[in-house]
Amino acid sequence: MKKIIFTALLFLSVRSFSQNQLTLSGRQLRLEWKKSANGWALSKLLFLNNGKWTNIQHPSGEYTLLYDEQKPPAQPDTIFKTITGKAWPDTTYRYQVNGWRQATSPVALNTAGKAFYFYPSSAKQSNNSIIFTSETPVATITSTWRIDDTYSGDIIIEQKLQCKQEGYYSLASPSIATVKAGDITWATMPGYFQGKHIADNFILGYGYGQGIPPLPVVYRERCASTLAPIISTNQNVSFCVAPQPGLARDPWEYDKNTHQNWFVGLSHMNRKAMFSPTIYYPVLGESHSLLSANDTISYSFRYSFTNKDWSRLLAHIANDVYAFSKTLKLRHNKQSLVSRVEHMHEYLKDRKTSLWNIEEYKGLKIGGQSYLGGVVGSNKDAIKNSDYGAMWMLAHTTNDRFLLDSVLPYALNFKLAQQADTGFFKGAAIGQYYLAKSRRFTEEWGEFVEPVSLTYYIMLDMGNILLFEPGNTMLKEKLRLGADLLLKWQKPDGSWEVAYDKFTHRPLFTDLKDLRPTFYGLLVAYRILKDRKYLDAAVKGAQWYITNGVEKGSFIGVCGDARYAPDFATAQTAQAFMDLFEITKDNEYKQAAIKAATIYLSSIYTHPVANEKEKSVNGIPRKDWQISQSGVSFEHGGILGSANGAGPILLCSHAGMFVRMFELTKDSLFITMARAAAIGRDAFVDSATSVASYYWSAMNKGAGPYPHHAWWQIGWITDYLLSEAQMRSGDNIVFPRGFVTPKVGPHQSYGFAAGKIYGQPATLISRTGLIVSNNPDVEYIVAKSTDNKSLFIIVMNDTGEQTTAAITINETMVKNEIPFTNKEVINITAKSKENFSTGRQVSLGPYGLQVFQLQ
């Protein structure tokens, strides 16, 4: 006999008014059932909303059981078309074809098997609970309902299915209430879609997450960032359903990748296509669903209600049910983040390990790193550069002559060669990649040019360089050339096309709108060139994007190989609007930034619950929390994204932005997610190079075919650490931020101008060996006063526990930086003077900070 049991302790009050009516009451919820000829139906569902009971519309209580004698077919039997009438999927994008096939199987579309709809035939109270029993031709179902006394807006239900005959079974959560489309103010299946409107086209809703899919599709756990379909209604009530921890798949059960397992199905609809958050267990045709007569299955889940918006339910399920914030205390480093930056500096200086190339192009010597991933037309000869802001930042903060003399000039030439100087594309980036053998630039996945690529690879990269080289007049003219083309390509409504064919100049991907922060390139132009027309155009583009994108929850991504499935560009959107707010002081842009950042919370895994369980990765013992997906983000999720196969990524560009959002909103989920992403990820870091793997599934294979990722890692780590320092110091440590990096997210460059440390002007410096900490959970940032008379050492604790570290200061190196003669250190944060000693012990409170000044 197969038996899988998940239980929970709950408390409630049950009253029986008559043989035909039952009531379940708690501090915040009240449920009433009435018995009719059809069985026990939920007749009233009330929620205490700001001191008044809200009678939630359309209570139901109907149950659904799916059954099939045979294993349901895996092959799709339905064809879908884009909004322009073309058959889908676009087979040019081979990475998405299999994922779409899986996502449109009869099981995924919720058409497989026979559905039994029913209300319980009997009910009784027992130990502060109501137990319902239902009989169907194929199984007996027992459901126990209890109100969670700890979280009074929650109802926990345990269901038991006992089979009467062999076959494939899937038991849905009963529909506690249904919602009419016109009453929905927001709906989301985190990781897959969000919005307040029914999608105009099934592919846009299901494939791109733009609006609410109109079919009762069943989603997998593998891209469900938080296991809770959520609906918010015009009654000022949000509710969701969530499986109890341990029911859904573990992506690495012990010694192999089990990310593809499908144990729990999740949907925003019931089988009848009525809007009602629903889970299915087991999934029809998947593990545990083939049962024999007398076999039993038991599982638990909860419904949660709140009078706050959807994001508070997401936080509740993540933190209170799946212990997301509590398991942060497990995270400790084996290598500090700043140590990783120092080691990656050495990696990038080595032409062999970093795969640095210098090639000839039209009389210019251009430099870039080998890119061994997929590029159309590549013969393993593609080269590219990634984070120009990080390149110039590291070169200038380290004062490294190799980077300054042997890397930056050739990287700059690459950028100059990358910009078209004639014709329709004059001013645009003609391709991210240079193919050395065929001596041409190309895009990742076809012969076309995107306006957002102009923003990325001309405006952002040149803009970040110009922050460090403000006197480079030639580069300013190149920047102006790009800005003017963005102006020319901007439509009257403020938007842009997704792409243009490189040869015909016709718009491509017309089934999509350019729901990306393309306007940001004009903001760069205004900040560098000071021409008001660029700011006006940026505002026009931002207004269109708010109306058509942010307010609707509709986005596309920037990864060509995923046909623009929504990705980290959504996080970049948040920072773009914050930067626009800082220039215009218009509160609308700050609110747009907060909304986009809040939506991006749905791109971070919050399950399964991280723990100390022993696991094995390629023969190496690992704790579960060391390799957990919980806390890291998608490259792109949803139906089309890479997270379906490879899981999340370890490139945490959003971490610094999330710290800034926490400082702005005081929403603790932002800071928890930032720290969960950044800290204790050593299992994914290559010990030889300190470069983290990109995809979770690669574990600790390092940069692999993507050596340029080291620059992005230096960029996001620096942004995160300086954002933490600013937040922890109460804005007493502030360094100017440059522009966001192209493509991968919102982290920004530093080091081009002096900042302030407790009122004193200072510039960032990085010198390997100048400072050493013996505790990898303690970070250090070094800056020098602008008068060259003081050195500042900022020390931070990465953990939520009290800790100490021995901080060793290389006195000889200090003397090379400032005229250091005395033995006195000022502890700025403690407002005291102390004797200087190498190997001094520093005590730091939970997430603490101390700042020392050597002068």
# chains A, B, ... in the order shown; residues from 1 in each chain; ligands from 1
call {"tool": "residues_around", "arguments": {"residues": "Trp716 of chain A", "least_positions_apart": "2", "cutoff": "9 Å", "atoms": "only C-alpha atoms", "output": "compact mmCIF listing (two decimals) with all heavy atoms, in the first residue's frame"}}
result
# COMPACT_ATOMS: atom_id res chain seq x y z
N ALA A 390 32.03 47.82 -14.94
CA ALA A 390 32.89 47.07 -14.03
C ALA A 390 34.33 47.05 -14.52
O ALA A 390 35.28 47.09 -13.72
CB ALA A 390 32.36 45.64 -13.87
N LEU A 651 24.12 34.68 -10.87
CA LEU A 651 24.48 36.07 -11.16
C LEU A 651 23.42 36.96 -10.53
O LEU A 651 22.31 37.06 -11.05
CB LEU A 651 24.55 36.29 -12.67
CG LEU A 651 25.08 37.63 -13.15
CD1 LEU A 651 26.53 37.83 -12.75
CD2 LEU A 651 24.96 37.72 -14.67
N CYS A 652 23.75 37.59 -9.42
CA CYS A 652 22.74 38.24 -8.58
C CYS A 652 22.75 39.75 -8.76
O CYS A 652 22.93 40.51 -7.81
CB CYS A 652 22.97 37.88 -7.13
SG CYS A 652 23.11 36.10 -6.85
N SER A 653 22.55 40.19 -9.99
CA SER A 653 22.60 41.61 -10.30
C SER A 653 21.57 42.41 -9.51
O SER A 653 21.77 43.60 -9.26
CB SER A 653 22.38 41.81 -11.81
OG SER A 653 22.41 43.17 -12.15
N HIS A 654 20.49 41.78 -9.10
CA HIS A 654 19.41 42.48 -8.41
C HIS A 654 19.72 42.77 -6.95
O HIS A 654 18.99 43.55 -6.30
CB HIS A 654 18.13 41.65 -8.47
CG HIS A 654 18.25 40.34 -7.73
ND1 HIS A 654 18.89 39.24 -8.27
CD2 HIS A 654 17.84 39.96 -6.51
CE1 HIS A 654 18.84 38.24 -7.40
NE2 HIS A 654 18.22 38.65 -6.33
N ALA A 655 20.78 42.19 -6.39
CA ALA A 655 20.99 42.24 -4.94
C ALA A 655 21.13 43.67 -4.43
O ALA A 655 20.50 44.06 -3.43
CB ALA A 655 22.23 41.42 -4.56
N GLY A 656 21.95 44.50 -5.08
CA GLY A 656 22.11 45.88 -4.63
C GLY A 656 20.83 46.67 -4.76
O GLY A 656 20.47 47.46 -3.87
N TRP A 711 33.27 39.76 -15.08
CA TRP A 711 33.08 41.21 -14.96
C TRP A 711 31.72 41.51 -14.34
O TRP A 711 31.60 42.39 -13.48
CB TRP A 711 33.18 41.88 -16.33
CG TRP A 711 34.56 41.89 -16.91
CD1 TRP A 711 35.02 41.23 -18.01
CD2 TRP A 711 35.68 42.62 -16.40
NE1 TRP A 711 36.34 41.49 -18.23
CE2 TRP A 711 36.78 42.35 -17.26
CE3 TRP A 711 35.87 43.48 -15.31
CZ2 TRP A 711 38.04 42.92 -17.05
CZ3 TRP A 711 37.12 44.04 -15.10
CH2 TRP A 711 38.19 43.74 -15.97
N TRP A 712 30.69 40.82 -14.78
CA TRP A 712 29.36 41.03 -14.20
C TRP A 712 29.36 40.68 -12.71
O TRP A 712 28.70 41.35 -11.91
CB TRP A 712 28.32 40.19 -14.94
CG TRP A 712 27.74 40.85 -16.16
CD1 TRP A 712 27.44 42.18 -16.31
CD2 TRP A 712 27.37 40.21 -17.38
NE1 TRP A 712 26.90 42.40 -17.56
CE2 TRP A 712 26.84 41.21 -18.24
CE3 TRP A 712 27.41 38.90 -17.84
CZ2 TRP A 712 26.37 40.94 -19.52
CZ3 TRP A 712 26.94 38.62 -19.12
CH2 TRP A 712 26.43 39.63 -19.95
N GLN A 713 30.10 39.63 -12.34
CA GLN A 713 30.15 39.25 -10.93
C GLN A 713 30.86 40.30 -10.10
O GLN A 713 30.43 40.62 -8.98
CB GLN A 713 30.80 37.87 -10.79
CG GLN A 713 29.92 36.75 -11.35
CD GLN A 713 30.57 35.38 -11.33
OE1 GLN A 713 31.34 35.07 -10.42
NE2 GLN A 713 30.28 34.57 -12.32
N ILE A 714 31.93 40.85 -10.61
CA ILE A 714 32.60 41.95 -9.91
C ILE A 714 31.64 43.14 -9.78
O ILE A 714 31.57 43.80 -8.73
CB ILE A 714 33.88 42.37 -10.67
CG1 ILE A 714 34.96 41.29 -10.47
CG2 ILE A 714 34.39 43.74 -10.22
CD1 ILE A 714 36.17 41.46 -11.36
N THR A 718 30.20 44.41 -6.04
CA THR A 718 30.55 45.77 -5.60
C THR A 718 29.29 46.58 -5.32
O THR A 718 29.19 47.28 -4.31
CB THR A 718 31.40 46.47 -6.66
OG1 THR A 718 32.58 45.68 -6.91
CG2 THR A 718 31.80 47.86 -6.22
N ASP A 719 28.31 46.49 -6.22
CA ASP A 719 27.06 47.22 -6.04
C ASP A 719 26.35 46.78 -4.77
O ASP A 719 25.85 47.61 -4.00
CB ASP A 719 26.18 47.00 -7.26
CG ASP A 719 24.91 47.84 -7.25
OD1 ASP A 719 24.99 49.02 -6.86
OD2 ASP A 719 23.85 47.33 -7.63
N TYR A 720 26.32 45.48 -4.54
CA TYR A 720 25.66 44.96 -3.34
C TYR A 720 26.36 45.44 -2.07
O TYR A 720 25.71 45.94 -1.14
CB TYR A 720 25.63 43.43 -3.38
CG TYR A 720 25.27 42.80 -2.06
CD1 TYR A 720 23.98 42.92 -1.54
CD2 TYR A 720 26.23 42.11 -1.30
CE1 TYR A 720 23.65 42.37 -0.31
CE2 TYR A 720 25.90 41.56 -0.08
CZ TYR A 720 24.62 41.68 0.42
OH TYR A 720 24.29 41.14 1.64
N LEU A 721 27.69 45.31 -2.01
CA LEU A 721 28.41 45.68 -0.80
C LEU A 721 28.29 47.17 -0.50
O LEU A 721 28.09 47.58 0.66
CB LEU A 721 29.88 45.27 -0.92
CG LEU A 721 30.17 43.77 -0.92
CD1 LEU A 721 31.65 43.50 -1.15
CD2 LEU A 721 29.71 43.12 0.39
N GLY A 745 20.85 42.94 -15.62
CA GLY A 745 20.16 43.46 -14.45
C GLY A 745 20.55 44.85 -14.04
O GLY A 745 21.18 45.60 -14.79
N PRO A 746 20.22 45.21 -12.79
CA PRO A 746 20.29 46.62 -12.38
C PRO A 746 21.54 47.06 -11.64
O PRO A 746 21.57 48.18 -11.13
CB PRO A 746 19.07 46.72 -11.45
CG PRO A 746 18.97 45.37 -10.81
CD PRO A 746 19.42 44.39 -11.86
N HIS A 747 22.57 46.20 -11.53
CA HIS A 747 23.73 46.69 -10.77
C HIS A 747 24.44 47.81 -11.54
O HIS A 747 24.42 47.85 -12.76
CB HIS A 747 24.68 45.54 -10.41
CG HIS A 747 25.49 44.97 -11.52
ND1 HIS A 747 25.19 43.76 -12.12
CD2 HIS A 747 26.61 45.42 -12.14
CE1 HIS A 747 26.09 43.49 -13.05
NE2 HIS A 747 26.95 44.49 -13.09
N GLN A 748 25.07 48.70 -10.79
CA GLN A 748 25.60 49.93 -11.34
C GLN A 748 27.08 50.08 -11.02
O GLN A 748 27.60 49.48 -10.09
CB GLN A 748 24.80 51.13 -10.81
CG GLN A 748 23.34 51.08 -11.26
CD GLN A 748 22.48 52.15 -10.67
OE1 GLN A 748 22.12 52.09 -9.50
NE2 GLN A 748 22.11 53.15 -11.46
N SER A 749 27.76 50.94 -11.80
CA SER A 749 29.20 51.13 -11.65
C SER A 749 29.49 52.18 -10.58
O SER A 749 28.66 53.02 -10.24
CB SER A 749 29.81 51.57 -12.98
OG SER A 749 29.20 52.78 -13.43
call {"tool": "residues_around", "arguments": {"residues": "segment 144-152 of chain A", "least_positions_apart": "4", "cutoff": "10 Å", "atoms": "only C-alpha atoms", "output": "PyMOL selection string"}}
result
chain A and resi 8-14+24-31+48+123-133+156-160+300+302-306+316+320-321
call {"tool": "select_by_dssp", "arguments": {"residues": "segment 667-813 of chain A", "states": "helix (DSSP H, G or I)", "output": "VMD selection string"}}
result
chain A and resid 668 to 678 682 to 684 696 to 698 709 to 728 811 to 813
call {"tool": "closest_atom_pairs", "arguments": {"of": "segment 249-359 of chain A", "to": "segment 627-636 of chain A", "cutoff": "10 Å", "atoms": "only C-alpha atoms", "output": "Markdown table"}}
result
| residue | atom | partner | partner_atom | distance |
| --- | --- | --- | --- | --- |
| A:Asp250 | CA | A:Ser628 | CA | 9.2 |
| A:Pro251 | CA | A:Gln629 | CA | 7.8 |
| A:Trp252 | CA | A:Ile627 | CA | 8.2 |
| A:His259 | CA | A:Gln629 | CA | 9.9 |
| A:Ala318 | CA | A:Ser630 | CA | 9.7 |
| A:Tyr322 | CA | A:Ser630 | CA | 9.8 |
| A:Phe324 | CA | A:Ser630 | CA | 7.6 |
| A:Ser325 | CA | A:Gly631 | CA | 9.7 |
| A:Thr327 | CA | A:Ser630 | CA | 9.5 |
| A:Leu328 | CA | A:Gly631 | CA | 9.0 |
call {"tool": "residues_around", "arguments": {"residues": "Ser495 of chain A", "least_positions_apart": "6", "cutoff": "8 Å", "atoms": "only C-alpha atoms", "output": "PyMOL selection string"}}
result
chain A and resi 514+541+544-545
call {"tool": "write_last_selection", "arguments": {"atoms": "N, CA and C atoms", "output": "PDB file, in the first residue's frame"}}
result
ATOM      1  N   ASP A 514       7.737  46.278 -27.207  1.00  0.00           N
ATOM      2  CA  ASP A 514       9.047  46.460 -26.576  1.00  0.00           C
ATOM      3  C   ASP A 514       8.867  46.866 -25.110  1.00  0.00           C
ATOM      4  N   GLY A 541       9.040  57.926 -23.280  1.00  0.00           N
ATOM      5  CA  GLY A 541       9.175  56.473 -23.312  1.00  0.00           C
ATOM      6  C   GLY A 541       8.799  55.835 -21.990  1.00  0.00           C
ATOM      7  N   TRP A 544       4.964  55.690 -21.568  1.00  0.00           N
ATOM      8  CA  TRP A 544       4.374  54.583 -22.340  1.00  0.00           C
ATOM      9  C   TRP A 544       4.610  53.259 -21.638  1.00  0.00           C
ATOM     10  N   TYR A 545       5.806  53.074 -21.118  1.00  0.00           N
ATOM     11  CA  TYR A 545       6.176  51.814 -20.477  1.00  0.00           C
ATOM     12  C   TYR A 545       5.385  51.597 -19.186  1.00  0.00           C
TER      13      TYR A 545
END
call {"tool": "select_by_dssp", "arguments": {"residues": "segment 280-349 of chain A", "states": "strand (DSSP E)", "output": "MDAnalysis selection string"}}
result
chainID A and resid 280:281 290:291 296:306
call {"tool": "write_last_selection", "arguments": {"atoms": "C-alpha atoms", "output": "short mmCIF file (atom, residue, chain, number, x, y, z; two decimals), in the first residue's frame"}}
result
data_model
loop_
_atom_site.label_atom_id
_atom_site.label_comp_id
_atom_site.auth_asym_id
_atom_site.auth_seq_id
_atom_site.Cartn_x
_atom_site.Cartn_y
_atom_site.Cartn_z
CA TYR A 280 -3.25 19.22 -7.81
CA TYR A 281 -1.59 16.27 -6.10
CA LEU A 290 -0.44 5.47 -10.53
CA LEU A 291 -2.36 3.75 -7.76
CA THR A 296 -4.09 5.80 -0.16
CA ILE A 297 -2.58 9.24 -0.68
CA SER A 298 -2.66 12.03 1.93
CA TYR A 299 -1.45 15.58 1.64
CA SER A 300 -1.90 19.00 3.23
CA PHE A 301 -2.19 22.54 1.92
CA ARG A 302 -3.47 25.87 3.09
CA TYR A 303 -5.61 28.73 1.88
CA SER A 304 -4.40 32.14 3.04
CA PHE A 305 -6.38 35.40 3.10
CA THR A 306 -5.27 38.99 3.68
#
call {"tool": "residues_around", "arguments": {"residues": "Arg249 of chain A", "least_positions_apart": "6", "cutoff": "8 Å", "atoms": "only C-alpha atoms", "output": "PyMOL selection string"}}
result
chain A and resi 221+258-259+261-264+608
call {"tool": "write_last_selection", "arguments": {"atoms": "N, CA, C and O atoms", "output": "compact mmCIF listing (two decimals), in the first residue's frame"}}
result
# COMPACT_ATOMS: atom_id res chain seq x y z
N GLU A 221 6.38 22.93 -10.59
CA GLU A 221 7.13 23.58 -9.52
C GLU A 221 8.44 24.18 -10.00
O GLU A 221 8.97 25.11 -9.40
N THR A 258 17.33 16.62 -9.68
CA THR A 258 15.93 16.17 -9.75
C THR A 258 15.00 17.37 -9.97
O THR A 258 13.83 17.35 -9.60
N HIS A 259 15.55 18.39 -10.59
CA HIS A 259 14.80 19.63 -10.86
C HIS A 259 13.57 19.39 -11.71
O HIS A 259 12.57 20.12 -11.61
N ASN A 261 11.48 16.84 -11.71
CA ASN A 261 10.36 16.11 -11.09
C ASN A 261 9.14 17.02 -10.96
O ASN A 261 9.27 18.21 -10.66
N TRP A 262 7.97 16.43 -11.17
CA TRP A 262 6.72 17.20 -11.11
C TRP A 262 5.78 16.50 -10.15
O TRP A 262 5.13 15.53 -10.50
N PHE A 263 5.74 16.99 -8.92
CA PHE A 263 4.92 16.37 -7.88
C PHE A 263 3.62 17.13 -7.63
O PHE A 263 2.61 16.52 -7.30
N VAL A 264 3.68 18.46 -7.74
CA VAL A 264 2.51 19.30 -7.44
C VAL A 264 2.19 20.15 -8.66
O VAL A 264 3.09 20.78 -9.25
N PRO A 608 12.67 24.85 -2.12
CA PRO A 608 12.13 24.27 -0.88
C PRO A 608 12.81 24.87 0.34
O PRO A 608 13.73 25.69 0.21
call {"tool": "closest_residue", "arguments": {"among": "A:Met391, A:Ala703, A:Leu722, A:Leu416", "to": "Leu404 of chain A", "atoms": "only C-alpha atoms"}}
result
A:Met391
call {"tool": "residues_around", "arguments": {"residues": "Ser336 of chain A", "least_positions_apart": "6", "cutoff": "9 Å", "atoms": "only C-alpha atoms", "output": "PyMOL selection string"}}
result
chain A and resi 679-680+773+775-779+798
call {"tool": "atom_distance", "arguments": {"atom1": "atom CA of Ser225 of chain A", "atom2": "atom CA of Tyr589 of chain A"}}
result
26.7 Å
call {"tool": "residues_around", "arguments": {"residues": "Phe80 of chain A", "least_positions_apart": "4", "cutoff": "8 Å", "atoms": "only C-alpha atoms", "output": "list of chain:residue names"}}
result
A:Ala87, A:Trp88, A:Phe202, A:Ile203
call {"tool": "write_last_selection", "arguments": {"atoms": "C-alpha atoms", "output": "tab-separated table (two decimals), in the first residue's frame"}}
result
chain	number	residue	atom	x	y	z
A	87	ALA	CA	1.81	29.13	-35.67
A	88	TRP	CA	3.63	28.74	-32.37
A	202	PHE	CA	-2.90	32.69	-25.04
A	203	ILE	CA	0.78	32.78	-26.01
call {"tool": "residues_around", "arguments": {"residues": "Ile212 of chain A", "least_positions_apart": "2", "cutoff": "8 Å", "atoms": "only C-alpha atoms", "output": "CSV table (one decimal) with N, CA and C atoms, in the first residue's frame"}}
result
chain,number,residue,atom,x,y,z
A,187,ALA,N,-3.7,39.1,-10.4
A,187,ALA,CA,-3.5,37.6,-10.2
A,187,ALA,C,-2.1,37.3,-10.6
A,188,THR,N,-1.6,36.3,-10.0
A,188,THR,CA,-0.2,35.8,-10.3
A,188,THR,C,0.0,34.4,-10.0
A,193,PHE,N,3.4,34.2,-14.4
A,193,PHE,CA,2.6,35.3,-15.0
A,193,PHE,C,2.2,36.2,-13.9
A,194,GLN,N,1.8,37.4,-14.2
A,194,GLN,CA,1.1,38.3,-13.3
A,194,GLN,C,0.3,39.3,-14.2
A,195,GLY,N,-0.7,39.9,-13.6
A,195,GLY,CA,-1.4,40.9,-14.3
A,195,GLY,C,-2.8,41.1,-13.7
A,196,LYS,N,-3.6,42.1,-14.3
A,196,LYS,CA,-4.9,42.3,-13.8
A,196,LYS,C,-5.9,42.2,-15.0
A,197,HIS,N,-5.4,41.8,-16.2
A,197,HIS,CA,-6.3,41.6,-17.3
A,197,HIS,C,-6.2,40.2,-17.9
A,198,ILE,N,-7.2,39.7,-18.5
A,198,ILE,CA,-7.2,38.4,-19.2
A,198,ILE,C,-6.3,38.6,-20.4
A,199,ALA,N,-5.4,37.8,-20.6
A,199,ALA,CA,-4.4,37.9,-21.7
A,199,ALA,C,-5.2,38.0,-23.1
A,205,GLY,N,-0.1,35.4,-22.7
A,205,GLY,CA,-0.3,35.1,-21.3
A,205,GLY,C,0.4,34.0,-20.7
A,206,TYR,N,0.4,32.9,-21.5
A,206,TYR,CA,1.0,31.6,-21.0
A,206,TYR,C,2.5,31.6,-21.3
A,209,GLY,N,3.8,35.5,-19.9
A,209,GLY,CA,3.4,36.0,-18.6
A,209,GLY,C,2.8,37.4,-18.6
A,210,GLN,N,2.2,37.8,-19.8
A,210,GLN,CA,1.6,39.1,-20.0
A,210,GLN,C,0.1,39.0,-19.8
A,214,PRO,N,-6.1,32.5,-20.2
A,214,PRO,CA,-7.6,32.3,-20.2
A,214,PRO,C,-7.9,30.8,-20.0
call {"tool": "decode", "arguments": {"residues": "segment 114-121 of chain A", "atoms": "all heavy atoms", "output": "mmCIF file, in the first residue's frame"}}
result
data_model
loop_
_atom_site.group_PDB
_atom_site.id
_atom_site.type_symbol
_atom_site.label_atom_id
_atom_site.label_comp_id
_atom_site.auth_asym_id
_atom_site.auth_seq_id
_atom_site.Cartn_x
_atom_site.Cartn_y
_atom_site.Cartn_z
ATOM 1 N N LYS A 114 -10.551 12.004 -16.862
ATOM 2 C CA LYS A 114 -11.953 12.310 -16.597
ATOM 3 C C LYS A 114 -12.041 13.080 -15.290
ATOM 4 O O LYS A 114 -11.392 12.727 -14.312
ATOM 5 C CB LYS A 114 -12.773 11.028 -16.505
ATOM 6 C CG LYS A 114 -14.249 11.273 -16.225
ATOM 7 C CD LYS A 114 -15.032 9.962 -16.160
ATOM 8 C CE LYS A 114 -16.509 10.239 -15.867
ATOM 9 N NZ LYS A 114 -17.311 8.981 -15.799
ATOM 10 N N ALA A 115 -12.840 14.139 -15.280
ATOM 11 C CA ALA A 115 -13.009 14.950 -14.080
ATOM 12 C C ALA A 115 -14.294 14.575 -13.363
ATOM 13 O O ALA A 115 -15.374 14.521 -13.975
ATOM 14 C CB ALA A 115 -13.013 16.422 -14.442
ATOM 15 N N PHE A 116 -14.186 14.304 -12.054
ATOM 16 C CA PHE A 116 -15.356 14.100 -11.192
ATOM 17 C C PHE A 116 -15.520 15.347 -10.338
ATOM 18 O O PHE A 116 -14.596 15.732 -9.603
ATOM 19 C CB PHE A 116 -15.151 12.874 -10.301
ATOM 20 C CG PHE A 116 -15.063 11.571 -11.049
ATOM 21 C CD1 PHE A 116 -13.838 11.081 -11.470
ATOM 22 C CD2 PHE A 116 -16.213 10.844 -11.341
ATOM 23 C CE1 PHE A 116 -13.745 9.880 -12.161
ATOM 24 C CE2 PHE A 116 -16.134 9.640 -12.025
ATOM 25 C CZ PHE A 116 -14.898 9.154 -12.444
ATOM 26 N N TYR A 117 -16.669 15.981 -10.435
ATOM 27 C CA TYR A 117 -16.963 17.176 -9.639
ATOM 28 C C TYR A 117 -17.992 16.790 -8.579
ATOM 29 O O TYR A 117 -19.003 16.130 -8.881
ATOM 30 C CB TYR A 117 -17.525 18.290 -10.520
ATOM 31 C CG TYR A 117 -16.627 18.675 -11.664
ATOM 32 C CD1 TYR A 117 -16.941 18.297 -12.966
ATOM 33 C CD2 TYR A 117 -15.468 19.417 -11.447
ATOM 34 C CE1 TYR A 117 -16.123 18.651 -14.030
ATOM 35 C CE2 TYR A 117 -14.645 19.770 -12.507
ATOM 36 C CZ TYR A 117 -14.975 19.378 -13.800
ATOM 37 O OH TYR A 117 -14.154 19.728 -14.841
ATOM 38 N N PHE A 118 -17.787 17.222 -7.336
ATOM 39 C CA PHE A 118 -18.687 16.760 -6.278
ATOM 40 C C PHE A 118 -18.559 17.637 -5.036
ATOM 41 O O PHE A 118 -17.578 18.383 -4.860
ATOM 42 C CB PHE A 118 -18.370 15.316 -5.911
ATOM 43 C CG PHE A 118 -16.931 15.083 -5.536
ATOM 44 C CD1 PHE A 118 -16.497 15.176 -4.225
ATOM 45 C CD2 PHE A 118 -15.988 14.766 -6.528
ATOM 46 C CE1 PHE A 118 -15.167 14.965 -3.899
ATOM 47 C CE2 PHE A 118 -14.659 14.546 -6.200
ATOM 48 C CZ PHE A 118 -14.244 14.653 -4.886
ATOM 49 N N TYR A 119 -19.560 17.557 -4.203
ATOM 50 C CA TYR A 119 -19.545 18.115 -2.853
ATOM 51 C C TYR A 119 -19.571 16.942 -1.876
ATOM 52 O O TYR A 119 -20.096 15.869 -2.194
ATOM 53 C CB TYR A 119 -20.752 19.018 -2.627
ATOM 54 C CG TYR A 119 -20.737 20.273 -3.475
ATOM 55 C CD1 TYR A 119 -21.408 20.308 -4.698
ATOM 56 C CD2 TYR A 119 -20.046 21.400 -3.059
ATOM 57 C CE1 TYR A 119 -21.393 21.454 -5.483
ATOM 58 C CE2 TYR A 119 -20.024 22.561 -3.836
ATOM 59 C CZ TYR A 119 -20.698 22.576 -5.056
ATOM 60 O OH TYR A 119 -20.672 23.709 -5.829
ATOM 61 N N PRO A 120 -19.003 17.121 -0.701
ATOM 62 C CA PRO A 120 -18.977 16.009 0.254
ATOM 63 C C PRO A 120 -20.388 15.520 0.598
ATOM 64 O O PRO A 120 -21.327 16.308 0.726
ATOM 65 C CB PRO A 120 -18.286 16.611 1.483
ATOM 66 C CG PRO A 120 -17.483 17.753 0.938
ATOM 67 C CD PRO A 120 -18.276 18.294 -0.194
ATOM 68 N N SER A 121 -20.477 14.216 0.761
ATOM 69 C CA SER A 121 -21.785 13.621 1.082
ATOM 70 C C SER A 121 -22.035 13.574 2.580
ATOM 71 O O SER A 121 -23.193 13.506 3.024
ATOM 72 C CB SER A 121 -21.865 12.200 0.509
ATOM 73 O OG SER A 121 -20.770 11.411 0.957
#
